[in-house]
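Undergrad: Sharing model.pdb (PDB, C-alpha atoms) below.
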ATOM      1  CA  ALA R   1      24.419 -63.604 -63.310
ATOM      2  CA  TYR R   2      24.201 -59.900 -62.574
ATOM      3  CA  LYS R   3      27.090 -58.368 -60.673
ATOM      4  CA  THR R   4      26.087 -56.262 -57.665
ATOM      5  CA  PRO R   5      29.304 -55.593 -55.732
ATOM      6  CA  ARG R   6      27.983 -52.565 -53.800
ATOM      7  CA  LEU R   7      24.759 -54.320 -52.802
ATOM      8  CA  ASP R   8      26.794 -57.359 -51.746
ATOM      9  CA  GLN R   9      29.083 -55.120 -49.670
ATOM     10  CA  MET R  10      26.154 -53.321 -48.014
ATOM     11  CA  ALA R  11      24.507 -56.645 -47.192
ATOM     12  CA  ALA R  12      27.714 -57.945 -45.631
ATOM     13  CA  GLU R  13      28.645 -54.803 -43.699
ATOM     14  CA  GLY R  14      25.418 -52.873 -43.220
ATOM     15  CA  ILE R  15      22.531 -52.869 -40.824
ATOM     16  CA  ARG R  16      19.794 -55.339 -41.626
ATOM     17  CA  PHE R  17      16.119 -54.965 -40.791
ATOM     18  CA  THR R  18      15.153 -58.394 -39.532
ATOM     19  CA  ASP R  19      11.548 -57.703 -38.550
ATOM     20  CA  ALA R  20      10.326 -55.189 -41.111
ATOM     21  CA  HIS R  21       7.284 -55.846 -43.241
ATOM     22  CA  SER R  22       4.773 -53.997 -45.311
ATOM     23  CA  PRO R  23       1.173 -55.053 -45.727
ATOM     24  CA  SER R  24       1.332 -53.306 -49.090
ATOM     25  CA  THR R  25       3.363 -54.461 -52.040
ATOM     26  CA  ILE R  26       2.738 -51.136 -53.746
ATOM     27  CA  CYS R  27       5.677 -48.746 -53.745
ATOM     28  CA  SER R  28       4.092 -45.418 -52.753
ATOM     29  CA  PRO R  29       2.241 -46.665 -49.645
ATOM     30  CA  SER R  30       5.472 -48.344 -48.551
ATOM     31  CA  ARG R  31       7.322 -45.066 -49.169
ATOM     32  CA  TYR R  32       4.616 -43.248 -47.193
ATOM     33  CA  GLY R  33       5.339 -45.576 -44.264
ATOM     34  CA  LEU R  34       9.090 -44.960 -44.471
ATOM     35  CA  LEU R  35       8.722 -41.189 -44.749
ATOM     36  CA  SER R  36       5.984 -40.731 -42.137
ATOM     37  CA  GLY R  37       6.545 -43.571 -39.685
ATOM     38  CA  GLN R  38       2.840 -44.311 -39.991
ATOM     39  CA  GLN R  39       1.207 -47.652 -40.689
ATOM     40  CA  VAL R  40       0.948 -48.192 -44.437
ATOM     41  CA  HIS R  41      -2.759 -49.065 -44.238
ATOM     42  CA  ARG R  42      -3.494 -45.428 -43.282
ATOM     43  CA  THR R  43      -3.132 -44.538 -46.958
ATOM     44  CA  GLY R  44      -6.210 -46.556 -47.870
ATOM     45  CA  ARG R  45      -4.484 -47.561 -51.092
ATOM     46  CA  ARG R  46      -5.514 -50.834 -52.648
ATOM     47  CA  SER R  47      -4.316 -50.030 -56.153
ATOM     48  CA  THR R  48      -1.791 -47.824 -57.869
ATOM     49  CA  ALA R  49      -4.438 -45.126 -58.430
ATOM     50  CA  PHE R  50      -3.888 -42.065 -56.232
ATOM     51  CA  GLU R  51      -7.518 -41.810 -55.194
ATOM     52  CA  GLY R  52      -8.103 -45.199 -53.584
ATOM     53  CA  PRO R  53     -10.999 -46.005 -51.252
ATOM     54  CA  GLY R  54      -9.232 -44.434 -48.267
ATOM     55  CA  GLY R  55      -7.939 -41.346 -50.037
ATOM     56  CA  PRO R  56      -4.677 -40.266 -51.606
ATOM     57  CA  SER R  57      -1.323 -41.659 -50.554
ATOM     58  CA  TYR R  58       0.497 -38.649 -49.179
ATOM     59  CA  ILE R  59       1.619 -37.383 -45.797
ATOM     60  CA  LYS R  60      -1.515 -35.738 -44.490
ATOM     61  CA  GLU R  61      -2.060 -32.503 -42.577
ATOM     62  CA  GLY R  62      -0.840 -32.947 -39.016
ATOM     63  CA  GLU R  63       1.446 -35.889 -39.825
ATOM     64  CA  MET R  64       5.155 -35.316 -39.576
ATOM     65  CA  SER R  65       7.691 -36.636 -42.022
ATOM     66  CA  ILE R  66      10.987 -38.121 -40.939
ATOM     67  CA  ALA R  67      12.617 -34.891 -42.174
ATOM     68  CA  ASP R  68      10.359 -32.816 -39.900
ATOM     69  CA  MET R  69      11.382 -35.010 -36.974
ATOM     70  CA  VAL R  70      15.140 -34.950 -37.504
ATOM     71  CA  LYS R  71      15.210 -31.210 -38.293
ATOM     72  CA  LYS R  72      14.023 -30.627 -34.729
ATOM     73  CA  LYS R  73      17.323 -32.216 -33.663
ATOM     74  CA  GLY R  74      19.402 -29.945 -35.910
ATOM     75  CA  TYR R  75      19.765 -32.183 -38.957
ATOM     76  CA  HIS R  76      20.255 -30.803 -42.450
ATOM     77  CA  THR R  77      17.969 -32.820 -44.725
ATOM     78  CA  GLY R  78      18.023 -33.827 -48.367
ATOM     79  CA  ILE R  79      16.017 -36.182 -50.530
ATOM     80  CA  PHE R  80      17.167 -37.413 -53.909
ATOM     81  CA  GLY R  81      15.165 -39.541 -56.324
ATOM     82  CA  LYS R  82      11.572 -40.651 -56.348
ATOM     83  CA  TRP R  83       9.086 -38.781 -54.122
ATOM     84  CA  HIS R  84       5.760 -40.239 -55.324
ATOM     85  CA  VAL R  85       3.747 -39.331 -52.231
ATOM     86  CA  ALA R  86       2.239 -36.079 -53.499
ATOM     87  CA  ARG R  87      -1.352 -35.734 -54.578
ATOM     88  CA  HIS R  88      -0.571 -32.818 -56.871
ATOM     89  CA  THR R  89       2.306 -33.068 -59.331
ATOM     90  CA  ALA R  90       1.780 -30.125 -61.707
ATOM     91  CA  PRO R  91       4.419 -27.381 -61.404
ATOM     92  CA  ASP R  92       1.735 -24.713 -61.079
ATOM     93  CA  GLY R  93      -0.427 -26.715 -58.656
ATOM     94  CA  PRO R  94      -0.417 -26.945 -54.865
ATOM     95  CA  LYS R  95       2.901 -28.020 -53.365
ATOM     96  CA  PHE R  96       1.880 -28.479 -49.740
ATOM     97  CA  ASN R  97       3.111 -32.062 -49.736
ATOM     98  CA  TRP R  98       6.213 -31.748 -51.892
ATOM     99  CA  PRO R  99       9.541 -32.513 -50.200
ATOM    100  CA  LEU R 100      10.498 -28.944 -49.214
ATOM    101  CA  GLN R 101       7.085 -28.421 -47.640
ATOM    102  CA  ARG R 102       7.468 -31.719 -45.752
ATOM    103  CA  GLY R 103      10.688 -30.803 -43.946
ATOM    104  CA  PHE R 104      13.436 -31.417 -46.481
ATOM    105  CA  ASP R 105      15.996 -28.663 -47.128
ATOM    106  CA  ARG R 106      17.018 -29.938 -50.578
ATOM    107  CA  PHE R 107      15.327 -32.045 -53.238
ATOM    108  CA  TYR R 108      16.372 -33.374 -56.616
ATOM    109  CA  GLY R 109      14.174 -36.004 -58.142
ATOM    110  CA  THR R 110      10.771 -36.763 -59.567
ATOM    111  CA  ILE R 111       7.430 -35.976 -58.013
ATOM    112  CA  HIS R 112       5.848 -38.758 -60.140
ATOM    113  CA  GLY R 113       6.491 -42.409 -59.494
ATOM    114  CA  ALA R 114       8.050 -43.686 -62.704
ATOM    115  CA  GLY R 115       9.144 -42.638 -66.150
ATOM    116  CA  SER R 116      12.028 -42.247 -68.519
ATOM    117  CA  PHE R 117      15.523 -42.579 -67.084
ATOM    118  CA  PHE R 118      16.750 -40.305 -69.898
ATOM    119  CA  ASP R 119      14.134 -37.530 -69.604
ATOM    120  CA  PRO R 120      12.220 -37.992 -66.323
ATOM    121  CA  ASN R 121       8.708 -36.597 -66.078
ATOM    122  CA  SER R 122       8.252 -34.110 -63.211
ATOM    123  CA  LEU R 123      12.004 -33.779 -62.611
ATOM    124  CA  THR R 124      12.331 -31.182 -59.863
ATOM    125  CA  ARG R 125      15.082 -29.326 -58.059
ATOM    126  CA  ASP R 126      13.793 -28.056 -54.728
ATOM    127  CA  ASN R 127      10.378 -26.658 -55.816
ATOM    128  CA  GLU R 128      11.096 -25.940 -59.483
ATOM    129  CA  GLN R 129      10.373 -28.447 -62.198
ATOM    130  CA  ILE R 130      13.193 -28.743 -64.696
ATOM    131  CA  SER R 131      14.345 -31.112 -67.410
ATOM    132  CA  PRO R 132      17.758 -32.509 -68.302
ATOM    133  CA  VAL R 133      17.771 -30.084 -71.244
ATOM    134  CA  THR R 134      16.832 -26.941 -69.275
ATOM    135  CA  ASP R 135      18.848 -27.715 -66.137
ATOM    136  CA  SER R 136      21.684 -25.187 -65.970
ATOM    137  CA  GLU R 137      23.235 -26.723 -62.804
ATOM    138  CA  TYR R 138      23.783 -30.288 -63.989
ATOM    139  CA  LYS R 139      25.104 -31.076 -67.472
ATOM    140  CA  PRO R 140      26.647 -34.558 -67.722
ATOM    141  CA  GLU R 141      27.801 -35.849 -71.089
ATOM    142  CA  THR R 142      24.981 -38.425 -70.989
ATOM    143  CA  TYR R 143      21.991 -37.857 -68.731
ATOM    144  CA  TYR R 144      20.841 -40.980 -66.881
ATOM    145  CA  TYR R 145      18.461 -40.580 -63.937
ATOM    146  CA  THR R 146      20.105 -43.161 -61.644
ATOM    147  CA  ASP R 147      23.472 -41.411 -62.068
ATOM    148  CA  ALA R 148      21.863 -37.992 -61.578
ATOM    149  CA  ILE R 149      20.307 -39.107 -58.284
ATOM    150  CA  SER R 150      23.682 -40.417 -57.066
ATOM    151  CA  ASP R 151      25.524 -37.289 -58.198
ATOM    152  CA  HIS R 152      23.071 -34.969 -56.430
ATOM    153  CA  ALA R 153      23.106 -37.001 -53.208
ATOM    154  CA  ALA R 154      26.921 -36.972 -53.227
ATOM    155  CA  ARG R 155      26.919 -33.215 -53.882
ATOM    156  CA  PHE R 156      24.552 -32.688 -50.935
ATOM    157  CA  ILE R 157      26.894 -34.576 -48.615
ATOM    158  CA  THR R 158      29.996 -32.756 -49.919
ATOM    159  CA  GLU R 159      28.328 -29.333 -49.589
ATOM    160  CA  HIS R 160      27.024 -30.210 -46.140
ATOM    161  CA  GLU R 161      30.511 -31.190 -44.982
ATOM    162  CA  ALA R 162      31.954 -27.928 -46.355
ATOM    163  CA  LYS R 163      29.281 -25.621 -44.895
ATOM    164  CA  ARG R 164      28.054 -27.413 -41.754
ATOM    165  CA  PRO R 165      30.748 -29.914 -40.712
ATOM    166  CA  ASP R 166      29.598 -30.069 -37.083
ATOM    167  CA  ASP R 167      25.915 -30.649 -37.852
ATOM    168  CA  PRO R 168      24.300 -34.013 -38.537
ATOM    169  CA  PHE R 169      22.590 -34.669 -41.846
ATOM    170  CA  PHE R 170      19.861 -36.965 -43.124
ATOM    171  CA  CYS R 171      20.068 -37.992 -46.767
ATOM    172  CA  TYR R 172      17.170 -40.042 -48.189
ATOM    173  CA  VAL R 173      17.901 -41.635 -51.570
ATOM    174  CA  ALA R 174      15.134 -43.382 -53.518
ATOM    175  CA  TYR R 175      16.095 -44.745 -56.909
ATOM    176  CA  THR R 176      13.455 -45.591 -59.460
ATOM    177  CA  ALA R 177      15.536 -48.621 -60.492
ATOM    178  CA  ALA R 178      14.371 -51.307 -60.373
ATOM    179  CA  HIS R 179      10.980 -49.996 -61.336
ATOM    180  CA  TRP R 180       9.149 -49.867 -64.585
ATOM    181  CA  PRO R 181      10.165 -48.886 -67.111
ATOM    182  CA  MET R 182      13.492 -50.684 -67.021
ATOM    183  CA  HIS R 183      15.927 -48.381 -68.800
ATOM    184  CA  ALA R 184      19.626 -49.072 -68.877
ATOM    185  CA  LEU R 185      22.538 -47.435 -70.611
ATOM    186  CA  PRO R 186      23.638 -49.206 -73.805
ATOM    187  CA  GLU R 187      27.021 -50.177 -72.336
ATOM    188  CA  ASP R 188      25.287 -51.796 -69.330
ATOM    189  CA  ILE R 189      22.934 -53.764 -71.584
ATOM    190  CA  ALA R 190      25.881 -54.939 -73.694
ATOM    191  CA  LYS R 191      27.603 -56.493 -70.652
ATOM    192  CA  TYR R 192      24.729 -58.934 -70.187
ATOM    193  CA  LYS R 193      23.950 -59.912 -73.816
TER     194      LYS R 193
END
Go ahead and express the file in the form of structure tokens.

TA:
Amino acid sequence: AYKTPRLDQMAAEGIRFTDAHSPSTICSPSRYGLLSGQQVHRTGRRSTAFEGPGGPSYIKEGEMSIADMVKKKGYHTGIFGKWHVARHTAPDGPKFNWPLQRGFDRFYGTIHGAGSFFDPNSLTRDNEQISPVTDSEYKPETYYYTDAISDHAARFITEHEAKRPDDPFFCYVAYTAAHWPMHALPEDIAKYK
């Protein structure tokens, strides 16, 4: 059996949603609902293709994100991990629905939905696409996306506490695990052989 001590602890001590549901079993429309507060069916998505019958799955013009809403109350906002609600993902393309343009102050993660945990496609810090090789701010001995997301979220909280201790913050963390592809570090795989 897999050991999940932190998940077990959160389940025992955390808040549980007892009446939450999603009419979509697809990740990005569900993420759209979490980030926008809108009904998931507004995306029109019936497949994993971005251009479904109802249009792309992104927070549309005139819709607020949760970050937009909490910033009005003085929150400092950060998002770390998978965004996957942007129509355009190219670094030189439009960024009107990337995290910083949707109310977040800080972003470290991927604009795309899935990819390598060792060299993530569309890895972005704020509005600049980077790679584990070219990133001058984060140089772990071994790059692993799940750890990088955690490290950046923790850094955001630590920096927030140092610079704005009296202000509230909102930190949204969206891991790509468990999501295809399933990549694990060799030492984690060895534990379960």

Undergrad: Which residues come within 12 Å of R:Glu63, counting all atoms listed in the file, excluding same-chain residues fewer than 5 positions away, as a list in words?

TA: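 Close residues of R:Glu63: Tyr32, Gly33, Leu35, Ser36, Gly37, Gln38, Gln39, Arg42, Tyr58, Asp68, Met69, Asn97, Arg102 and Gly103 of chain R.
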
Undergrad: For atom CA of R:Ile130 and atom CA of R:Gly81, quote the distance in Å rounded to one decimal.

TA: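 Pair atom CA of R:Ile130 / atom CA of R:Gly81 returns 13.8 Å.
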
Undergrad: I need the residue set behind the PyMOL selection byres ((chain R and resi 157) around 12) for this file; please write it as a PyMOL selection string.

TA: chain R and resi 76-80+106+150-156+158-165+167-173

Undergrad: Restrict the selected residues to C-alpha atoms and save them as a PDB file, in the coordinates of the input.

TA:
ATOM      1  CA  HIS R  76      20.255 -30.803 -42.450  1.00  0.00           C
ATOM      2  CA  THR R  77      17.969 -32.820 -44.725  1.00  0.00           C
ATOM      3  CA  GLY R  78      18.023 -33.827 -48.367  1.00  0.00           C
ATOM      4  CA  ILE R  79      16.017 -36.182 -50.530  1.00  0.00           C
ATOM      5  CA  PHE R  80      17.167 -37.413 -53.909  1.00  0.00           C
ATOM      6  CA  ARG R 106      17.018 -29.938 -50.578  1.00  0.00           C
ATOM      7  CA  SER R 150      23.682 -40.417 -57.066  1.00  0.00           C
ATOM      8  CA  ASP R 151      25.524 -37.289 -58.198  1.00  0.00           C
ATOM      9  CA  HIS R 152      23.071 -34.969 -56.430  1.00  0.00           C
ATOM     10  CA  ALA R 153      23.106 -37.001 -53.208  1.00  0.00           C
ATOM     11  CA  ALA R 154      26.921 -36.972 -53.227  1.00  0.00           C
ATOM     12  CA  ARG R 155      26.919 -33.215 -53.882  1.00  0.00           C
ATOM     13  CA  PHE R 156      24.552 -32.688 -50.935  1.00  0.00           C
ATOM     14  CA  THR R 158      29.996 -32.756 -49.919  1.00  0.00           C
ATOM     15  CA  GLU R 159      28.328 -29.333 -49.589  1.00  0.00           C
ATOM     16  CA  HIS R 160      27.024 -30.210 -46.140  1.00  0.00           C
ATOM     17  CA  GLU R 161      30.511 -31.190 -44.982  1.00  0.00           C
ATOM     18  CA  ALA R 162      31.954 -27.928 -46.355  1.00  0.00           C
ATOM     19  CA  LYS R 163      29.281 -25.621 -44.895  1.00  0.00           C
ATOM     20  CA  ARG R 164      28.054 -27.413 -41.754  1.00  0.00           C
ATOM     21  CA  PRO R 165      30.748 -29.914 -40.712  1.00  0.00           C
ATOM     22  CA  ASP R 167      25.915 -30.649 -37.852  1.00  0.00           C
ATOM     23  CA  PRO R 168      24.300 -34.013 -38.537  1.00  0.00           C
ATOM     24  CA  PHE R 169      22.590 -34.669 -41.846  1.00  0.00           C
ATOM     25  CA  PHE R 170      19.861 -36.965 -43.124  1.00  0.00           C
ATOM     26  CA  CYS R 171      20.068 -37.992 -46.767  1.00  0.00           C
ATOM     27  CA  TYR R 172      17.170 -40.042 -48.189  1.00  0.00           C
ATOM     28  CA  VAL R 173      17.901 -41.635 -51.570  1.00  0.00           C
TER      29      VAL R 173
END

Undergrad: Between R:Gly93, R:Pro99, R:Gly62, R:Pro181, single out the one closest to R:Ala114, counting all atoms listed in the file.

TA: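 So, comparing all the options, the nearest one is R:Pro181.
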
Undergrad: Fewer than 2 positions away in the same chain doesn't count, so skip those; otherwise give me all residues within 12 Å of R:Glu128, counting only C-alpha atoms, as a list of chain:residue names.

TA: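 Listing them by chain and then by number gives R:Thr89, R:Ala90, R:Pro91, R:Asp92, R:Gly93, R:Lys95, R:Trp98, R:Pro99, R:Leu100, R:Arg106, R:Phe107, R:Tyr108, R:Gly109, R:Thr110, R:Ile111, R:Ser122, R:Leu123, R:Thr124, R:Arg125, R:Asp126, R:Ile130, R:Ser131, R:Thr134, R:Asp135.
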
Undergrad: With C-alpha atoms retained, could you export that selection as a short mmCIF file (atom, residue, chain, number, x, y, z; two decimals), in the coordinates of the input?

TA:
data_model
loop_
_atom_site.label_atom_id
_atom_site.label_comp_id
_atom_site.auth_asym_id
_atom_site.auth_seq_id
_atom_site.Cartn_x
_atom_site.Cartn_y
_atom_site.Cartn_z
CA THR R 89 2.31 -33.07 -59.33
CA ALA R 90 1.78 -30.12 -61.71
CA PRO R 91 4.42 -27.38 -61.40
CA ASP R 92 1.74 -24.71 -61.08
CA GLY R 93 -0.43 -26.72 -58.66
CA LYS R 95 2.90 -28.02 -53.36
CA TRP R 98 6.21 -31.75 -51.89
CA PRO R 99 9.54 -32.51 -50.20
CA LEU R 100 10.50 -28.94 -49.21
CA ARG R 106 17.02 -29.94 -50.58
CA PHE R 107 15.33 -32.04 -53.24
CA TYR R 108 16.37 -33.37 -56.62
CA GLY R 109 14.17 -36.00 -58.14
CA THR R 110 10.77 -36.76 -59.57
CA ILE R 111 7.43 -35.98 -58.01
CA SER R 122 8.25 -34.11 -63.21
CA LEU R 123 12.00 -33.78 -62.61
CA THR R 124 12.33 -31.18 -59.86
CA ARG R 125 15.08 -29.33 -58.06
CA ASP R 126 13.79 -28.06 -54.73
CA ILE R 130 13.19 -28.74 -64.70
CA SER R 131 14.34 -31.11 -67.41
CA THR R 134 16.83 -26.94 -69.28
CA ASP R 135 18.85 -27.72 -66.14
#

Undergrad: Record the distance separating atom CA of R:Thr4 and atom CA of R:His112, expressed in Å with one decimal.

TA: 26.9 Å

Undergrad: Which one is closest to R:Lys193: R:Gly115, R:Tyr2, R:Ser136, R:Gly14? Count all atoms listed in the file.

TA: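 Of R:Gly115, R:Tyr2, R:Ser136, R:Gly14, the one nearest R:Lys193 is R:Tyr2, counting all atoms listed in the file.
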
Undergrad: So what do you get for atom CA of R:Asn121 versus atom CA of R:Met182, distance-wise?

TA: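 Between these atoms lies a distance of 14.9 Å.
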